[in-house]
Structure formats: structure tokens, C-alpha cells
Amino acid sequence: MNICKTAAACGRWFVSGGTPSLSLPPRRLSKSLWTKKFQTNNFGVYDLVELGTVSDHRTVPEYVTLPSYAKTGAVVDEPDHNCPPEIQNRGQIEMLRQSCKLAKFVLDSAKDRLTVGATTDDVDRFVHDLIIDNNAYPSPLNYRWFRKSLCTSINNVVCHGVPDDRPLVDGDIVSVDVSVYLNGFHGDCAATYCVGGVDDCGRKLITVAEQCTYKGIEACGPGKSFADIGRAIELFAREHGYSVASSITGHGIGTYFHGPPTIFHSTMYSYPGVMKPGMVFTVEPVICQGNGDVEVLEDGWTIVTADDSRGAQFEHTILITDSGYDILTV
């Protein structure tokens, strides 16, 4: 299948309906910061999130090693997704381990910043500074002109949320996606957290979403089909009454931020071939309370559910080994 990259995708790969397309359906919403509590279809009680005000991107010291896109925003060195997945050698794997270890450290550190009244811009500032302090570069920053140093996706925003000035409120669930570029290699991970007193529906969603991610990881190993990942995730999600946002996928990673293989998290699409030792890629399903259909907001980045249900996402970077798999972001 010929998959096309969207300008909004921050490197993820999207398909809309049954046909590959250059963008998901846009949804134009007001710039209003505040929204009312929302309750319908047993999804729970939570705020619908719209676009807030985004500050300018943060500066990076000259001593930090930059990815190719850092100054221009243009990505020119990622492998074509029709190419076979790269087999990383021992030295490359060690460098990836270091990048992934730092990414997980930053993600864990950001968790304590998700408090009522804090803004996602506050979290972005903390993450940016922590990454720089470790002589690394925040991978999302200026990647295809993305303005911030991480992604923060709240409630009905399920992916690529742009940190802004909206204060976090009691009951929010927030997916935080951290990626770092350290010594020439990227590391990538994400998790969904509760802010204050999240309702039972939201907490259950988060629990199942994390379990879905591990079900997909457990399907990995040498000689196994890439399709096994999506099959395992979708089966577990449906067993618990949830759906998978099939248009949001994982990706290969290395000296490039995103490359082959494309990791589909449902059975709607499949990537050909089998996993081989030395392949490194992310597993990062978005699990939704509703039907899993998504739209892009007017900023060209923020992805929301079409039915306003909540979604939750967890992500790990995985190495295929001779005997199974190794989770690099733990």
C-alpha cells in the first residue's frame, strides 16, 4: 500500500477511510480557550479541549548537536517508507539505548508537572530545559515546523497536541509524548496521565490503553508478521469495549526520527513482511472510547476524535532481538 505522509503528522503516518490521503479531514473550531463540561454516550465527564495560544519555540544552545531539520524545518534525510526497515548494528543499538533511556527519564520527570492550574506550555518549558541540560535536542522542535518541544494531548485530543496556555483542570487525562535526539540518534516514548480526580471511565481507558500497548509489544519477535501487532492490539481493545485510532501508527527510528517499518495498530491496514533482529520501531496505539475516527484541527497538527470521545496513548521503542524483543524505553 502506498502510504502518504501528512504535513500535520509530525512523522506519524496516516490513512483516511480506505484510501491513502495527504491529510485527515480538517475540523475548524473557534480559538476559544474555555469549554464546558461534556457528558454523553457513557464517555464520562470532562472538558472538551480546543486550541489555546501557543508561544514561540524555545532556543537551543550552539553546543547541542542538531538534527538536520532543526534550523529549516525541512526533513530531507528520512528513508522512504518503500525502503526495507533498517537493521541496526551493535554500535547503533547502544546509541539508541542511550537516547531511549533519556527519553524515558524525561517523560517520567514530566509527570510531576501535570498539576491542576499548570499549563502544557509550562510542561514544554520544563521538558525542553531538561533535555538541553542533558546535551540533547528535543526531537519534535521544528520538525516539519512543529513549534514546541513535546506533544501534549488532552481528553478528546488524541495525538500531536501542541502545548499552549490552557491551564490543566481537575479531571483531565493527558498524553505526553517525549522524543529526544542524543548523539545522533532519536529515542521516543509516551504515556497518558491523570490530572487530579479523573472519573472511572477515564481511568479505565488509560488502563486498557497501556495494556493494549503491551499486547502489541508481546506480539513482536523475529520471524513474526508486522500484522500480528495490530491484530493483538485491536482484539484486546474490542474485548474491553474500545476502538483503535487506525490512522495513527508507529514507525521505525534511528538516526532519523521516522522511517520504515510503518506499525499499524489495527487490522484495517498491514505492513508487509516479518520482523528481523536489529529492527527498531515504536508501538504506540491510540485507544478511544468512541469509534476511533479522528480529525485534524485548524493548526494542522492537533488530532481530535470526531465524536469527541477521549483517547489514551502509550508508546515504547522496541528492538527485535534474536530471541524476542527488548523494550528500550523502560
# chains A, B, ... in the order shown; residues from 1 in each chain; ligands from 1

call {"tool": "residues_around", "arguments": {"residues": "A:Pro277", "least_positions_apart": "2", "cutoff": "10 Å", "atoms": "only C-alpha atoms", "output": "list in words"}}
result
Ile87, Gln88, Asn89, Gly221, Pro222, Gly223, Met275, Met279, Val280, Leu319, Ile320, Thr321, Asp322, Ser323, Gly324 and Tyr325 of chain A

call {"tool": "closest_residue", "arguments": {"among": "A:Glu218, A:Glu94, A:Glu315, A:Glu210", "to": "A:Thr249", "atoms": "only C-alpha atoms"}}
result
A:Glu315

call {"tool": "atom_distance", "arguments": {"atom1": "atom CA of A:Arg310", "atom2": "atom CA of A:Pro167"}}
result
18.1 Å

call {"tool": "select_by_dssp", "arguments": {"residues": "stretch 46-215 of chain A", "states": "helix (DSSP H, G or I)", "output": "compact mmCIF listing (two decimals) with all heavy atoms, in the first residue's frame"}}
result
# COMPACT_ATOMS: atom_id res chain seq x y z
N ARG A 90 25.40 -3.35 16.29
CA ARG A 90 25.57 -3.32 17.75
C ARG A 90 25.85 -1.90 18.25
O ARG A 90 25.30 -1.46 19.27
CB ARG A 90 26.70 -4.25 18.16
CG ARG A 90 26.91 -4.34 19.67
CD ARG A 90 27.95 -5.39 20.01
NE ARG A 90 27.53 -6.71 19.55
CZ ARG A 90 28.27 -7.81 19.71
NH1 ARG A 90 29.47 -7.73 20.30
NH2 ARG A 90 27.83 -8.98 19.28
N GLY A 91 26.70 -1.16 17.55
CA GLY A 91 27.01 0.19 17.97
C GLY A 91 25.81 1.11 17.88
O GLY A 91 25.57 1.94 18.78
N GLN A 92 25.05 1.00 16.81
CA GLN A 92 23.85 1.82 16.66
C GLN A 92 22.82 1.50 17.74
O GLN A 92 22.16 2.40 18.28
CB GLN A 92 23.25 1.59 15.27
CG GLN A 92 24.10 2.13 14.13
CD GLN A 92 23.59 1.68 12.77
OE1 GLN A 92 23.18 0.53 12.59
NE2 GLN A 92 23.64 2.59 11.80
N ILE A 93 22.69 0.22 18.07
CA ILE A 93 21.74 -0.18 19.11
C ILE A 93 22.13 0.43 20.45
O ILE A 93 21.26 0.89 21.22
CB ILE A 93 21.66 -1.72 19.19
CG1 ILE A 93 20.96 -2.26 17.94
CG2 ILE A 93 20.93 -2.16 20.45
CD1 ILE A 93 21.05 -3.77 17.80
N GLU A 94 23.42 0.45 20.76
CA GLU A 94 23.85 1.05 22.02
C GLU A 94 23.53 2.54 22.07
O GLU A 94 23.11 3.07 23.10
CB GLU A 94 25.35 0.83 22.22
CG GLU A 94 25.89 1.39 23.52
CD GLU A 94 25.15 0.89 24.75
OE1 GLU A 94 24.73 -0.29 24.77
OE2 GLU A 94 24.98 1.69 25.70
N MET A 95 23.70 3.22 20.96
CA MET A 95 23.37 4.64 20.91
C MET A 95 21.86 4.86 21.07
O MET A 95 21.42 5.79 21.75
CB MET A 95 23.86 5.26 19.61
CG MET A 95 25.37 5.16 19.40
SD MET A 95 26.31 5.95 20.72
CE MET A 95 26.22 7.66 20.22
N LEU A 96 21.08 3.98 20.44
CA LEU A 96 19.63 4.06 20.59
C LEU A 96 19.21 3.81 22.04
O LEU A 96 18.29 4.45 22.55
CB LEU A 96 18.95 3.06 19.66
CG LEU A 96 18.80 3.51 18.21
CD1 LEU A 96 18.56 2.32 17.29
CD2 LEU A 96 17.65 4.51 18.10
N ARG A 97 19.89 2.89 22.71
CA ARG A 97 19.58 2.63 24.12
C ARG A 97 19.75 3.90 24.95
O ARG A 97 18.93 4.21 25.82
CB ARG A 97 20.48 1.54 24.68
CG ARG A 97 20.15 0.13 24.23
CD ARG A 97 20.98 -0.89 24.99
NE ARG A 97 20.80 -2.22 24.46
CZ ARG A 97 19.77 -3.01 24.73
NH1 ARG A 97 18.83 -2.58 25.58
NH2 ARG A 97 19.68 -4.21 24.19
N GLN A 98 20.82 4.61 24.70
CA GLN A 98 21.08 5.83 25.46
C GLN A 98 20.02 6.89 25.19
O GLN A 98 19.54 7.56 26.11
CB GLN A 98 22.47 6.36 25.11
CG GLN A 98 23.61 5.45 25.55
CD GLN A 98 24.97 6.00 25.16
OE1 GLN A 98 25.15 7.20 24.97
NE2 GLN A 98 25.95 5.11 25.02
N SER A 99 19.63 7.06 23.92
CA SER A 99 18.60 8.03 23.58
C SER A 99 17.27 7.66 24.21
O SER A 99 16.55 8.52 24.75
CB SER A 99 18.46 8.13 22.06
OG SER A 99 19.64 8.58 21.47
N CYS A 100 16.93 6.39 24.15
CA CYS A 100 15.65 5.93 24.70
C CYS A 100 15.63 6.04 26.22
O CYS A 100 14.60 6.37 26.82
CB CYS A 100 15.38 4.49 24.26
SG CYS A 100 14.96 4.33 22.51
N LYS A 101 16.75 5.76 26.84
CA LYS A 101 16.84 5.89 28.30
C LYS A 101 16.60 7.34 28.72
O LYS A 101 15.89 7.61 29.70
CB LYS A 101 18.20 5.42 28.78
CG LYS A 101 18.38 5.45 30.29
CD LYS A 101 19.75 4.92 30.70
CE LYS A 101 19.92 4.95 32.21
NZ LYS A 101 21.26 4.42 32.62
N LEU A 102 17.19 8.28 27.98
CA LEU A 102 16.98 9.69 28.30
C LEU A 102 15.53 10.09 28.05
O LEU A 102 14.93 10.81 28.87
CB LEU A 102 17.91 10.57 27.47
CG LEU A 102 17.72 12.08 27.63
CD1 LEU A 102 17.92 12.49 29.08
CD2 LEU A 102 18.66 12.85 26.71
N ALA A 103 14.95 9.64 26.95
CA ALA A 103 13.55 9.97 26.66
C ALA A 103 12.64 9.50 27.79
O ALA A 103 11.74 10.24 28.22
CB ALA A 103 13.13 9.36 25.34
N LYS A 104 12.85 8.30 28.28
CA LYS A 104 12.02 7.78 29.37
C LYS A 104 12.25 8.56 30.66
O LYS A 104 11.30 8.82 31.42
CB LYS A 104 12.33 6.29 29.59
CG LYS A 104 11.45 5.62 30.64
CD LYS A 104 9.97 5.71 30.28
CE LYS A 104 9.10 4.72 31.06
NZ LYS A 104 9.22 4.88 32.51
N PHE A 105 13.48 8.94 30.93
CA PHE A 105 13.77 9.75 32.11
C PHE A 105 13.02 11.08 32.04
O PHE A 105 12.43 11.54 33.04
CB PHE A 105 15.28 9.99 32.22
CG PHE A 105 15.66 11.05 33.21
CD1 PHE A 105 15.55 10.83 34.57
CD2 PHE A 105 16.12 12.29 32.77
CE1 PHE A 105 15.89 11.83 35.49
CE2 PHE A 105 16.46 13.29 33.68
CZ PHE A 105 16.35 13.05 35.04
N VAL A 106 13.04 11.71 30.90
CA VAL A 106 12.36 13.00 30.73
C VAL A 106 10.84 12.82 30.88
O VAL A 106 10.17 13.61 31.54
CB VAL A 106 12.70 13.63 29.38
CG1 VAL A 106 11.87 14.89 29.14
CG2 VAL A 106 14.19 13.96 29.31
N LEU A 107 10.30 11.77 30.27
CA LEU A 107 8.87 11.50 30.38
C LEU A 107 8.47 11.29 31.84
O LEU A 107 7.47 11.86 32.31
CB LEU A 107 8.50 10.27 29.55
CG LEU A 107 7.04 9.83 29.60
CD1 LEU A 107 6.13 10.90 29.00
CD2 LEU A 107 6.86 8.51 28.86
N ASP A 108 9.21 10.48 32.56
CA ASP A 108 8.90 10.23 33.97
C ASP A 108 9.00 11.52 34.78
O ASP A 108 8.21 11.76 35.71
CB ASP A 108 9.85 9.19 34.54
CG ASP A 108 9.60 7.79 34.00
OD1 ASP A 108 8.50 7.56 33.45
OD2 ASP A 108 10.50 6.93 34.14
N SER A 109 9.97 12.36 34.46
CA SER A 109 10.16 13.62 35.18
C SER A 109 9.02 14.60 34.91
O SER A 109 8.64 15.39 35.79
CB SER A 109 11.49 14.26 34.79
OG SER A 109 12.58 13.40 35.08
N ALA A 110 8.47 14.56 33.70
CA ALA A 110 7.39 15.48 33.34
C ALA A 110 6.09 15.16 34.06
O ALA A 110 5.24 16.05 34.24
CB ALA A 110 7.17 15.44 31.83
N LYS A 111 5.93 13.93 34.49
CA LYS A 111 4.67 13.51 35.12
C LYS A 111 4.31 14.40 36.29
O LYS A 111 3.14 14.78 36.47
CB LYS A 111 4.78 12.05 35.56
CG LYS A 111 3.55 11.52 36.27
CD LYS A 111 3.75 10.08 36.71
CE LYS A 111 2.53 9.56 37.44
NZ LYS A 111 2.73 8.14 37.88
N THR A 120 0.19 23.34 29.68
CA THR A 120 1.07 22.45 28.93
C THR A 120 2.29 23.19 28.40
O THR A 120 3.32 22.57 28.15
CB THR A 120 0.30 21.77 27.78
OG1 THR A 120 -0.41 22.77 27.01
CG2 THR A 120 -0.70 20.76 28.32
N ASP A 121 2.19 24.50 28.26
CA ASP A 121 3.37 25.28 27.91
C ASP A 121 4.40 25.24 29.04
O ASP A 121 5.61 25.21 28.79
CB ASP A 121 2.98 26.73 27.59
CG ASP A 121 4.11 27.51 26.95
OD1 ASP A 121 4.58 27.09 25.88
OD2 ASP A 121 4.54 28.52 27.53
N ASP A 122 3.92 25.24 30.29
CA ASP A 122 4.82 25.07 31.43
C ASP A 122 5.56 23.74 31.32
O ASP A 122 6.77 23.65 31.58
CB ASP A 122 4.05 25.11 32.74
CG ASP A 122 3.41 26.45 33.04
OD1 ASP A 122 3.91 27.48 32.54
OD2 ASP A 122 2.40 26.46 33.78
N VAL A 123 4.83 22.69 30.99
CA VAL A 123 5.43 21.36 30.87
C VAL A 123 6.44 21.35 29.73
O VAL A 123 7.52 20.77 29.84
CB VAL A 123 4.34 20.29 30.64
CG1 VAL A 123 4.96 18.91 30.54
CG2 VAL A 123 3.32 20.32 31.78
N ASP A 124 6.09 22.00 28.63
CA ASP A 124 7.01 22.08 27.49
C ASP A 124 8.31 22.77 27.89
O ASP A 124 9.40 22.32 27.51
CB ASP A 124 6.34 22.84 26.35
CG ASP A 124 7.23 22.97 25.12
OD1 ASP A 124 7.34 21.99 24.37
OD2 ASP A 124 7.82 24.04 24.93
N ARG A 125 8.20 23.84 28.65
CA ARG A 125 9.41 24.56 29.08
C ARG A 125 10.28 23.65 29.95
O ARG A 125 11.51 23.60 29.78
CB ARG A 125 9.02 25.81 29.87
CG ARG A 125 10.23 26.62 30.36
CD ARG A 125 9.80 27.80 31.21
NE ARG A 125 8.92 28.71 30.49
CZ ARG A 125 7.61 28.81 30.70
NH1 ARG A 125 7.03 28.04 31.60
NH2 ARG A 125 6.88 29.65 30.00
N PHE A 126 9.66 22.94 30.89
CA PHE A 126 10.42 22.04 31.76
C PHE A 126 11.11 20.95 30.96
O PHE A 126 12.30 20.66 31.16
CB PHE A 126 9.47 21.41 32.79
CG PHE A 126 10.08 20.31 33.58
CD1 PHE A 126 10.93 20.58 34.65
CD2 PHE A 126 9.82 18.98 33.26
CE1 PHE A 126 11.52 19.55 35.37
CE2 PHE A 126 10.40 17.95 33.98
CZ PHE A 126 11.25 18.23 35.04
N VAL A 127 10.37 20.33 30.04
CA VAL A 127 10.94 19.24 29.23
C VAL A 127 12.06 19.77 28.35
O VAL A 127 13.12 19.13 28.22
CB VAL A 127 9.83 18.58 28.40
CG1 VAL A 127 10.41 17.73 27.27
CG2 VAL A 127 8.94 17.73 29.30
N HIS A 128 11.85 20.89 27.72
CA HIS A 128 12.87 21.48 26.86
C HIS A 128 14.17 21.69 27.64
O HIS A 128 15.26 21.29 27.19
CB HIS A 128 12.37 22.80 26.29
CG HIS A 128 13.35 23.52 25.43
ND1 HIS A 128 13.41 23.34 24.06
CD2 HIS A 128 14.32 24.43 25.73
CE1 HIS A 128 14.37 24.10 23.55
NE2 HIS A 128 14.95 24.76 24.56
N ASP A 129 14.06 22.32 28.79
CA ASP A 129 15.26 22.62 29.58
C ASP A 129 15.95 21.35 30.07
O ASP A 129 17.19 21.28 30.08
CB ASP A 129 14.89 23.50 30.77
CG ASP A 129 14.47 24.91 30.36
OD1 ASP A 129 14.73 25.30 29.20
OD2 ASP A 129 13.87 25.62 31.20
N LEU A 130 15.16 20.35 30.46
CA LEU A 130 15.75 19.10 30.95
C LEU A 130 16.50 18.38 29.84
O LEU A 130 17.60 17.84 30.06
CB LEU A 130 14.66 18.21 31.53
CG LEU A 130 15.10 16.90 32.17
CD1 LEU A 130 16.11 17.14 33.29
CD2 LEU A 130 13.90 16.12 32.70
N ILE A 131 15.94 18.37 28.65
CA ILE A 131 16.62 17.73 27.52
C ILE A 131 17.92 18.47 27.18
O ILE A 131 18.97 17.85 26.98
CB ILE A 131 15.68 17.68 26.30
CG1 ILE A 131 14.50 16.72 26.58
CG2 ILE A 131 16.44 17.22 25.04
CD1 ILE A 131 13.42 16.75 25.50
N ILE A 132 17.86 19.79 27.13
CA ILE A 132 19.05 20.58 26.83
C ILE A 132 20.12 20.37 27.90
O ILE A 132 21.32 20.25 27.60
CB ILE A 132 18.70 22.08 26.72
CG1 ILE A 132 17.75 22.32 25.54
CG2 ILE A 132 19.96 22.92 26.58
CD1 ILE A 132 18.29 21.94 24.19
N ASP A 133 19.70 20.30 29.16
CA ASP A 133 20.64 20.09 30.25
C ASP A 133 21.37 18.75 30.12
O ASP A 133 22.44 18.56 30.71
CB ASP A 133 19.93 20.14 31.60
CG ASP A 133 19.51 21.56 31.98
OD1 ASP A 133 20.00 22.51 31.35
OD2 ASP A 133 18.68 21.70 32.91
N TYR A 143 10.44 20.14 13.78
CA TYR A 143 10.27 19.03 12.86
C TYR A 143 9.03 19.32 12.00
O TYR A 143 7.92 19.38 12.50
CB TYR A 143 10.09 17.72 13.62
CG TYR A 143 9.90 16.50 12.73
CD1 TYR A 143 10.99 15.76 12.30
CD2 TYR A 143 8.63 16.10 12.32
CE1 TYR A 143 10.83 14.65 11.50
CE2 TYR A 143 8.46 15.00 11.50
CZ TYR A 143 9.56 14.28 11.10
OH TYR A 143 9.39 13.17 10.29
N ARG A 144 9.26 19.53 10.71
CA ARG A 144 8.17 19.98 9.82
C ARG A 144 7.46 21.20 10.42
O ARG A 144 6.26 21.32 10.36
CB ARG A 144 7.20 18.84 9.52
CG ARG A 144 7.92 17.65 8.85
CD ARG A 144 6.95 16.58 8.40
NE ARG A 144 7.68 15.45 7.87
CZ ARG A 144 8.15 15.36 6.63
NH1 ARG A 144 7.92 16.33 5.77
NH2 ARG A 144 8.81 14.28 6.24
N TRP A 145 8.28 22.08 11.04
CA TRP A 145 7.84 23.36 11.57
C TRP A 145 6.94 23.24 12.81
O TRP A 145 6.22 24.18 13.14
CB TRP A 145 7.17 24.19 10.47
CG TRP A 145 8.08 24.33 9.29
CD1 TRP A 145 9.14 25.19 9.16
CD2 TRP A 145 8.06 23.53 8.10
NE1 TRP A 145 9.77 24.99 7.96
CE2 TRP A 145 9.14 23.97 7.28
CE3 TRP A 145 7.26 22.50 7.64
CZ2 TRP A 145 9.41 23.43 6.04
CZ3 TRP A 145 7.54 21.94 6.40
CH2 TRP A 145 8.59 22.40 5.61
N ASP A 200 -14.07 7.39 36.63
CA ASP A 200 -13.79 5.96 36.45
C ASP A 200 -13.65 5.60 34.97
O ASP A 200 -12.83 4.76 34.61
CB ASP A 200 -14.88 5.12 37.10
CG ASP A 200 -14.85 5.18 38.61
OD1 ASP A 200 -13.81 5.60 39.17
OD2 ASP A 200 -15.88 4.83 39.25
N CYS A 201 -14.47 6.23 34.12
CA CYS A 201 -14.39 5.93 32.69
C CYS A 201 -13.01 6.30 32.13
O CYS A 201 -12.43 5.55 31.33
CB CYS A 201 -15.47 6.69 31.93
SG CYS A 201 -17.16 6.17 32.27
N GLY A 202 -12.49 7.43 32.55
CA GLY A 202 -11.18 7.85 32.08
C GLY A 202 -10.07 6.97 32.60
O GLY A 202 -9.13 6.63 31.87
N ARG A 203 -10.15 6.59 33.86
CA ARG A 203 -9.10 5.73 34.44
C ARG A 203 -9.10 4.35 33.79
O ARG A 203 -8.04 3.77 33.53
CB ARG A 203 -9.30 5.61 35.95
CG ARG A 203 -9.00 6.90 36.68
CD ARG A 203 -9.14 6.76 38.19
NE ARG A 203 -8.80 8.01 38.85
CZ ARG A 203 -7.58 8.38 39.18
NH1 ARG A 203 -6.55 7.58 38.90
NH2 ARG A 203 -7.35 9.53 39.78
N LYS A 204 -10.28 3.84 33.50
CA LYS A 204 -10.34 2.54 32.83
C LYS A 204 -9.75 2.63 31.43
O LYS A 204 -9.01 1.73 30.99
CB LYS A 204 -11.79 2.05 32.75
CG LYS A 204 -11.92 0.68 32.06
CD LYS A 204 -13.37 0.26 31.92
CE LYS A 204 -13.48 -1.05 31.14
NZ LYS A 204 -14.89 -1.45 30.90
N LEU A 205 -10.05 3.71 30.72
CA LEU A 205 -9.49 3.91 29.38
C LEU A 205 -7.97 3.89 29.42
O LEU A 205 -7.32 3.23 28.60
CB LEU A 205 -9.98 5.24 28.80
CG LEU A 205 -9.31 5.71 27.52
CD1 LEU A 205 -9.63 4.77 26.36
CD2 LEU A 205 -9.72 7.15 27.19
N ILE A 206 -7.39 4.59 30.37
CA ILE A 206 -5.93 4.64 30.48
C ILE A 206 -5.36 3.26 30.75
O ILE A 206 -4.35 2.86 30.14
CB ILE A 206 -5.52 5.64 31.58
CG1 ILE A 206 -5.85 7.07 31.15
CG2 ILE A 206 -4.04 5.51 31.91
CD1 ILE A 206 -5.66 8.11 32.24
N THR A 207 -5.99 2.53 31.65
CA THR A 207 -5.50 1.18 31.98
C THR A 207 -5.53 0.27 30.77
O THR A 207 -4.54 -0.43 30.47
CB THR A 207 -6.36 0.57 33.11
OG1 THR A 207 -6.21 1.37 34.29
CG2 THR A 207 -5.92 -0.85 33.42
N VAL A 208 -6.63 0.28 30.04
CA VAL A 208 -6.75 -0.60 28.87
C VAL A 208 -5.79 -0.16 27.77
O VAL A 208 -5.19 -0.99 27.08
CB VAL A 208 -8.20 -0.63 28.36
CG1 VAL A 208 -8.30 -1.39 27.04
CG2 VAL A 208 -9.12 -1.25 29.40
N ALA A 209 -5.61 1.15 27.59
CA ALA A 209 -4.69 1.64 26.56
C ALA A 209 -3.26 1.15 26.83
O ALA A 209 -2.55 0.74 25.90
CB ALA A 209 -4.73 3.16 26.50
N GLU A 210 -2.83 1.19 28.08
CA GLU A 210 -1.49 0.70 28.40
C GLU A 210 -1.38 -0.80 28.17
O GLU A 210 -0.39 -1.29 27.63
CB GLU A 210 -1.13 1.04 29.85
CG GLU A 210 0.30 0.66 30.21
CD GLU A 210 0.73 1.19 31.55
OE1 GLU A 210 -0.16 1.50 32.38
OE2 GLU A 210 1.94 1.29 31.77
N GLN A 211 -2.43 -1.53 28.54
CA GLN A 211 -2.43 -2.98 28.31
C GLN A 211 -2.40 -3.29 26.82
O GLN A 211 -1.73 -4.24 26.39
CB GLN A 211 -3.67 -3.60 28.97
CG GLN A 211 -3.63 -3.56 30.49
CD GLN A 211 -4.94 -4.01 31.12
OE1 GLN A 211 -6.02 -3.85 30.54
NE2 GLN A 211 -4.86 -4.56 32.32
N CYS A 212 -3.12 -2.50 26.03
CA CYS A 212 -3.12 -2.70 24.57
C CYS A 212 -1.70 -2.55 24.01
O CYS A 212 -1.27 -3.32 23.14
CB CYS A 212 -4.04 -1.70 23.90
SG CYS A 212 -5.80 -2.10 23.98
N THR A 213 -0.98 -1.55 24.50
CA THR A 213 0.38 -1.33 24.03
C THR A 213 1.25 -2.55 24.31
O THR A 213 2.00 -3.01 23.44
CB THR A 213 0.98 -0.09 24.70
OG1 THR A 213 0.13 1.03 24.45
CG2 THR A 213 2.37 0.21 24.16
N TYR A 214 1.14 -3.09 25.50
CA TYR A 214 1.95 -4.26 25.84
C TYR A 214 1.49 -5.51 25.09
O TYR A 214 2.32 -6.38 24.78
CB TYR A 214 1.95 -4.49 27.35
CG TYR A 214 2.89 -3.55 28.07
CD1 TYR A 214 2.40 -2.48 28.81
CD2 TYR A 214 4.27 -3.71 27.97
CE1 TYR A 214 3.27 -1.60 29.44
CE2 TYR A 214 5.14 -2.84 28.59
CZ TYR A 214 4.64 -1.79 29.33
OH TYR A 214 5.50 -0.91 29.95
N LYS A 215 0.21 -5.60 24.78
CA LYS A 215 -0.25 -6.72 23.94
C LYS A 215 0.40 -6.65 22.57
O LYS A 215 0.81 -7.67 22.00
CB LYS A 215 -1.77 -6.70 23.81
CG LYS A 215 -2.54 -7.06 25.08
CD LYS A 215 -2.30 -8.50 25.48
CE LYS A 215 -3.10 -8.85 26.72
NZ LYS A 215 -2.85 -10.27 27.17

call {"tool": "residues_around", "arguments": {"residues": "A:Asp164", "least_positions_apart": "4", "cutoff": "12 Å", "atoms": "only C-alpha atoms", "output": "ChimeraX atom specification"}}
result
/A:31,33,49-57,118-125,147-154,168,302

call {"tool": "atom_distance", "arguments": {"atom1": "atom CA of A:Gly44", "atom2": "atom CA of A:Ser175"}}
result
17.4 Å

call {"tool": "closest_residue", "arguments": {"among": "A:Val169, A:Val274, A:Val304, A:Val176", "to": "A:Ile229", "atoms": "only C-alpha atoms"}}
result
A:Val274

call {"tool": "select_by_dssp", "arguments": {"residues": "stretch 95-307 of chain A", "states": "strand (DSSP E)", "output": "ChimeraX atom specification"}}
result
/A:137-138,151-154,157-159,173-182,185-194,243-244,250-252,259-263,280-283,286-288,294-297,303-305

call {"tool": "residues_around", "arguments": {"residues": "A:Leu182", "least_positions_apart": "5", "cutoff": "8 Å", "atoms": "only C-alpha atoms", "output": "PyMOL selection string"}}
result
chain A and resi 65+98-99+135-137+187

call {"tool": "write_last_selection", "arguments": {"atoms": "C-alpha atoms", "output": "compact mmCIF listing (two decimals), in the first residue's frame"}}
result
# COMPACT_ATOMS: atom_id res chain seq x y z
CA THR A 65 24.08 18.53 18.31
CA GLN A 98 21.08 5.83 25.46
CA SER A 99 18.60 8.03 23.58
CA ASN A 135 23.15 17.77 25.98
CA ALA A 136 20.33 16.52 23.76
CA TYR A 137 17.82 18.11 21.38
CA GLY A 187 14.51 7.98 21.29
